[in-house]
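Chemist: Contents of structure.cif (mmCIF, C-alpha atoms):
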```
data_work
#
loop_
_atom_site.label_atom_id
_atom_site.label_comp_id
_atom_site.auth_asym_id
_atom_site.auth_seq_id
_atom_site.Cartn_x
_atom_site.Cartn_y
_atom_site.Cartn_z
CA MET A 517 -25.30 -19.86 -61.55
CA ASN A 518 -27.47 -21.57 -64.14
CA LEU A 519 -30.74 -22.81 -62.67
CA LEU A 520 -31.02 -25.39 -65.45
CA THR A 521 -27.66 -27.06 -64.86
CA ASP A 522 -26.34 -26.18 -61.41
CA LYS A 523 -27.40 -27.63 -58.09
CA LEU A 524 -29.47 -25.18 -56.06
CA PRO A 525 -27.44 -23.64 -53.23
CA SER A 526 -27.88 -24.75 -49.65
CA ALA A 527 -25.26 -22.49 -48.09
CA VAL A 528 -23.97 -18.94 -48.23
CA LEU A 529 -20.37 -17.82 -48.33
CA VAL A 530 -19.27 -15.62 -45.43
CA ASP A 531 -15.63 -14.61 -45.08
CA GLY A 532 -14.49 -17.48 -47.30
CA LYS A 533 -16.45 -20.19 -45.49
CA ASN A 534 -19.75 -21.84 -46.47
CA TYR A 535 -22.53 -21.83 -43.89
CA ALA A 536 -25.64 -23.98 -44.36
CA VAL A 537 -28.95 -22.10 -44.49
CA PHE A 538 -32.57 -23.09 -44.63
CA THR A 539 -33.65 -23.13 -48.28
CA ASP A 540 -37.44 -23.51 -48.22
CA PHE A 541 -39.44 -20.63 -49.63
CA GLN A 542 -41.46 -20.19 -46.43
CA SER A 543 -38.29 -19.40 -44.46
CA TRP A 544 -37.23 -16.76 -46.99
CA ILE A 545 -40.61 -15.11 -47.13
CA SER A 546 -40.45 -14.96 -43.33
CA PHE A 547 -36.98 -13.42 -43.69
CA PHE A 548 -38.41 -10.64 -45.89
CA GLU A 549 -41.23 -10.05 -43.42
CA LEU A 550 -38.71 -9.82 -40.58
CA ILE A 551 -36.51 -7.32 -42.40
CA GLU A 552 -39.48 -5.17 -43.43
CA ASN A 553 -41.07 -5.15 -39.95
CA ARG A 554 -40.70 -1.63 -38.56
CA ASP A 555 -41.81 -2.74 -35.10
CA ILE A 556 -38.68 -4.84 -34.53
CA GLU A 557 -35.47 -3.11 -33.48
CA ASP A 558 -32.45 -3.60 -35.75
CA ASP A 559 -30.48 -5.44 -33.06
CA LEU A 560 -33.28 -7.95 -32.61
CA LYS A 561 -33.67 -8.28 -36.39
CA MET A 562 -30.00 -9.22 -36.61
CA ILE A 563 -30.42 -11.90 -33.93
CA LEU A 564 -33.55 -13.31 -35.58
CA ALA A 565 -32.00 -13.22 -39.06
CA MET A 566 -29.16 -15.42 -37.82
CA LYS A 567 -31.76 -18.17 -37.33
CA MET A 568 -31.63 -18.62 -41.12
CA PHE A 569 -28.39 -20.54 -40.55
CA LYS A 570 -28.91 -24.25 -39.96
CA ASP A 571 -25.93 -25.33 -37.89
CA GLU A 572 -23.34 -22.67 -37.32
CA VAL A 573 -23.72 -18.89 -37.31
CA PRO A 574 -20.81 -16.91 -38.80
CA PRO A 575 -18.87 -14.79 -36.30
CA ASP A 576 -19.13 -11.65 -38.50
CA LYS A 577 -22.85 -10.93 -38.21
CA SER A 578 -22.78 -7.98 -40.65
CA ALA A 579 -21.12 -10.07 -43.36
CA ALA A 580 -23.53 -12.90 -42.57
CA LEU A 581 -26.54 -10.60 -42.98
CA CYS A 582 -25.15 -9.34 -46.29
CA SER A 583 -24.82 -12.94 -47.51
CA LEU A 584 -28.39 -13.65 -46.42
CA TYR A 585 -29.60 -10.62 -48.37
CA ASN A 586 -27.76 -11.87 -51.46
CA PHE A 587 -29.30 -15.33 -51.10
CA ALA A 588 -32.76 -13.83 -50.59
CA ALA A 589 -32.37 -11.73 -53.75
CA CYS A 590 -31.01 -14.73 -55.72
CA ARG A 591 -28.16 -12.43 -56.77
CA ASP A 592 -26.12 -15.24 -58.30
CA VAL A 593 -28.89 -16.06 -60.81
CA PRO A 594 -28.64 -14.00 -64.01
CA ARG A 595 -31.89 -12.29 -65.01
CA ALA A 596 -32.74 -10.30 -68.10
CA GLY A 597 -35.78 -8.10 -68.44
CA LYS A 598 -37.35 -9.00 -65.10
CA GLN A 599 -36.70 -6.98 -61.97
CA ASN A 600 -36.50 -8.26 -58.43
CA PRO A 601 -39.92 -7.51 -56.87
CA GLU A 602 -38.20 -6.68 -53.61
CA ALA A 603 -36.07 -3.96 -55.21
CA PRO A 604 -37.22 -0.35 -55.40
CA GLU A 605 -38.01 1.08 -58.82
CA GLU A 606 -35.16 2.69 -60.71
CA SER A 607 -36.66 6.14 -60.22
CA GLY A 608 -35.68 5.91 -56.56
CA THR A 609 -39.18 5.46 -55.19
CA LYS A 610 -39.37 3.16 -52.21
CA LYS A 611 -42.98 2.17 -52.74
CA PRO A 612 -43.18 -1.62 -52.75
CA CYS A 613 -45.02 -3.36 -55.54
CA LEU A 614 -45.30 -6.66 -53.65
CA SER A 615 -46.05 -7.73 -50.12
CA TRP A 616 -45.59 -11.41 -49.40
CA LEU A 617 -48.03 -10.93 -46.49
CA TYR A 618 -50.86 -8.96 -48.11
CA ASP A 619 -50.51 -10.55 -51.56
CA ALA A 620 -50.27 -14.13 -50.29
CA PRO A 621 -53.70 -15.22 -51.59
CA PHE A 622 -52.79 -14.01 -55.08
CA VAL A 623 -49.39 -15.73 -55.01
CA ILE A 624 -51.00 -18.97 -53.79
CA GLY A 625 -53.69 -18.71 -56.46
CA ALA A 626 -51.21 -18.00 -59.24
CA PHE A 627 -49.01 -20.98 -58.36
CA LYS A 628 -52.04 -23.26 -58.18
CA SER A 629 -53.59 -22.10 -61.44
CA VAL A 630 -50.39 -21.79 -63.49
CA TYR A 631 -48.19 -24.60 -62.10
CA ASP A 632 -50.69 -26.73 -60.14
CA ILE A 633 -48.46 -26.25 -57.09
CA ASP A 634 -50.22 -25.94 -53.74
CA LEU A 635 -47.92 -23.61 -51.79
CA ILE A 636 -49.75 -24.35 -48.56
CA GLU A 637 -48.94 -28.06 -48.88
CA SER A 638 -45.43 -27.58 -50.32
CA THR A 639 -42.90 -27.72 -47.55
CA ASP A 640 -39.70 -28.36 -49.44
CA LEU A 641 -39.88 -25.98 -52.41
CA HIS A 642 -36.43 -24.36 -52.62
CA TRP A 643 -36.41 -20.55 -52.46
CA TYR A 644 -34.54 -20.24 -55.79
CA LYS A 645 -37.08 -22.49 -57.53
CA PHE A 646 -39.99 -20.60 -55.96
CA PHE A 647 -38.47 -17.28 -57.00
CA ALA A 648 -37.84 -18.47 -60.58
CA LEU A 649 -41.42 -19.71 -60.85
CA PHE A 650 -42.72 -16.47 -59.36
CA MET A 651 -40.74 -14.34 -61.80
CA ALA A 652 -42.03 -16.47 -64.71
CA LEU A 653 -45.69 -16.08 -63.80
CA PRO A 654 -47.65 -14.73 -66.78
CA ASP A 655 -48.40 -11.01 -66.79
CA ASP A 656 -52.13 -11.71 -66.86
CA THR A 657 -52.16 -13.37 -63.42
CA PRO A 658 -53.82 -11.24 -60.73
CA ILE A 659 -50.58 -10.98 -58.71
CA LYS A 660 -48.62 -9.65 -61.69
CA GLN A 661 -51.46 -7.26 -62.54
CA ARG A 662 -51.44 -5.95 -58.96
CA MET A 663 -47.69 -5.44 -59.06
CA SER A 664 -47.92 -3.64 -62.40
CA LEU A 665 -50.73 -1.40 -61.20
CA ARG A 666 -48.76 -0.45 -58.08
CA GLN A 667 -45.81 0.52 -60.27
CA THR A 668 -47.90 2.63 -62.65
CA ARG A 669 -47.10 6.32 -62.33
CA ALA A 670 -50.58 7.79 -62.35
CA GLY A 671 -49.24 11.34 -62.46
CA GLU A 672 -47.80 10.67 -65.90
CA ILE A 673 -51.20 9.72 -67.35
CA LYS A 674 -52.55 12.66 -69.35
CA ASP A 675 -56.22 11.64 -69.47
CA LYS A 676 -57.78 12.94 -66.21
CA GLU A 677 -60.47 10.25 -66.00
CA ARG A 678 -57.99 7.42 -66.63
CA ARG A 679 -55.58 8.92 -64.06
CA ARG A 680 -58.44 9.09 -61.52
CA GLN A 681 -59.35 5.44 -62.23
CA ILE A 682 -55.73 4.31 -61.84
CA ARG A 683 -55.32 6.17 -58.56
CA ALA A 684 -58.57 4.71 -57.22
CA ALA A 685 -57.44 1.21 -58.21
CA GLN A 686 -54.03 1.81 -56.62
CA ARG A 687 -55.66 2.90 -53.36
CA ALA A 688 -57.84 -0.21 -53.41
CA ILE A 689 -54.80 -2.53 -53.59
CA ALA A 690 -52.29 -0.39 -51.70
CA ILE A 691 -50.00 -2.22 -49.33
CA PRO A 692 -50.79 -0.95 -45.84
CA CYS A 693 -47.96 1.07 -44.38
CA PRO A 694 -47.68 1.73 -40.67
CA VAL A 695 -48.09 5.32 -39.55
CA MET A 696 -44.69 6.91 -39.02
CA THR A 697 -43.85 8.57 -35.72
CA ALA A 698 -42.56 12.14 -35.65
CA GLU A 699 -39.10 10.74 -34.86
CA GLN A 700 -39.18 8.45 -37.93
CA ILE A 701 -40.30 11.33 -40.15
CA GLY A 702 -37.46 13.47 -38.80
CA GLU A 703 -34.93 10.69 -39.46
CA ALA A 704 -36.15 10.39 -43.04
CA PHE A 705 -35.08 13.98 -43.71
CA MET A 706 -31.63 13.74 -42.11
#
```
I need this file expressed as structure tokens, please.

Modeler:
Amino acid sequence: MNLLTDKLPSAVLVDGKNYAVFTDFQSWISFFELIENRDIEDDLKMILAMKMFKDEVPPDKSAALCSLYNFAACRDVPRAGKQNPEAPEESGTKKPCLSWLYDAPFVIGAFKSVYDIDLIESTDLHWYKFFALFMALPDDTPIKQRMSLRQTRAGEIKDKERRRQIRAAQRAIAIPCPVMTAEQIGEAFM
């Protein structure tokens, strides 16, 4: 798909059939929050995720969820040099560099200052357009600086003082993670 020439998608393909989905960026940010919420059981997540479909829900829920993931990640849009902020780093770490919830003020501020778009007032901004604009934000915006700092590997910094400063800054902007239960910790090692 070419964002410059193709019409933005309004449906996902599931088992050879197109199903209309909501396309506004608020719905897709809510989708990410749903999927990342550890307090919601997987069965309930599946039911709630199916609310992303406008009219008809595909019979194959697993295939439908996979299609929703692909839409959320804008997988059909070619990208060079920029990584999906939702994807883990290549090193295999699962530490997120972005939280749509905790970083919302910085995303709102960046869109207002760079594009003069008020995300609070925008109700029809397509997810693909939002995502393209987000990925194109300059590196000197606070949100991009936060993401970069979270991805910095402090352990690889040789200067002790600089490493200490980076770790302190990372703690200050860390995305809160819920405390894991003993059962969850055990499952992580299975």

Chemist: Just say which residues the PyMOL selection byres ((chain A and resi 579) around 12) picks in this file, as number ranges by chain.

Modeler: A: 528-533, 535, 562, 566, 573-578, 580-586

Chemist: May I ask which of the residues A:Leu519, A:Met651, A:Thr539, A:Trp544 is the closest one to A:Lys570, counting all atoms listed in the file?

Modeler: A:Thr539

Chemist: Restricting the calculation to all atoms listed in the file, which member of A:Trp643, A:Trp616, A:Phe650, A:Phe541 is positioned closest to A:Val630?

Modeler: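 Closest to A:Val630, using all atoms listed in the file: A:Phe650.
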
Chemist: Any chance you could work out the residue set of the PyMOL selection byres ((chain A and resi 691) around 8) here, as an mmCIF file with C-alpha atoms, in the coordinates of the input?

Modeler:
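Now in part_2.cif:
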```cif
data_model
loop_
_atom_site.group_PDB
_atom_site.id
_atom_site.type_symbol
_atom_site.label_atom_id
_atom_site.label_comp_id
_atom_site.auth_asym_id
_atom_site.auth_seq_id
_atom_site.Cartn_x
_atom_site.Cartn_y
_atom_site.Cartn_z
ATOM 1 C CA PRO A 612 -43.180 -1.620 -52.750
ATOM 2 C CA LEU A 614 -45.300 -6.660 -53.650
ATOM 3 C CA SER A 615 -46.050 -7.730 -50.120
ATOM 4 C CA TYR A 618 -50.860 -8.960 -48.110
ATOM 5 C CA ILE A 689 -54.800 -2.530 -53.590
ATOM 6 C CA ALA A 690 -52.290 -0.390 -51.700
ATOM 7 C CA PRO A 692 -50.790 -0.950 -45.840
ATOM 8 C CA CYS A 693 -47.960 1.070 -44.380
#
```

Chemist: Could you please determine the separation between atom CA of A:Arg666 and atom CA of A:Gln686 in Å, to one decimal place?

Modeler: 5.9 Å

Chemist: Of the residues A:Lys523, A:Lys676, A:Arg683, A:Arg554, which is the one nearest to A:His642, using all atoms listed in the file?

Modeler: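 Using all atoms listed in the file, A:His642 sits closest to A:Lys523.
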
Chemist: Would you work out the distance separating atom CA of A:Leu617 from atom CA of A:Phe548, expressed in Å to one decimal?

Modeler: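 Separation between atom CA of A:Leu617 and atom CA of A:Phe548: 9.6 Å.
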
Chemist: Excluding A:Pro658 and any residue of its chain fewer than 6 positions from it, enumerate the residues within 9 Å of it, using all atoms listed in the file, and give them as JSON, numbers by chain.

Modeler: {"A": [622, 623, 625, 626]}

Chemist: At what distance in Å, to one decimal, does atom CA of A:Asp571 lie from atom CA of A:Phe647?

Modeler: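 Computed distance, atom CA of A:Phe647 to atom CA of A:Asp571, equals 24.2 Å.
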
Chemist: For stretch 629-636 of chain A, take all atoms listed in the file, fit an axis-aligned box around them, add 3 Å to each of the six sides, then output centre and edge lengths in Å rounded to one decimal, as AutoDock Vina command-line options.

Modeler:
```
--center_x -50.8 --center_y -24.3 --center_z -56.0 --size_x 11.7 --size_y 10.9 --size_z 20.9
```

Chemist: Taking all atoms listed in the file into account, name the residue in A:Glu677, A:Asp634, A:Asp619, A:Glu672 that is nearest to A:Ile659.

Modeler: A:Asp619

Chemist: Between A:Ala588, A:Leu665, A:Ile556, A:Ala684, which one has atoms that come closest to A:Gln542, using only C-alpha atoms?

Modeler: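 Looking only at the distances to A:Gln542, the closest residue turns out to be A:Ala588.
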
Chemist: Using all atoms listed in the file for the distances, tell me which of A:Ala652, A:Ala536, A:Cys590, A:Leu520 is nearest to A:Phe569.

Modeler: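 Closest candidate: A:Ala536.
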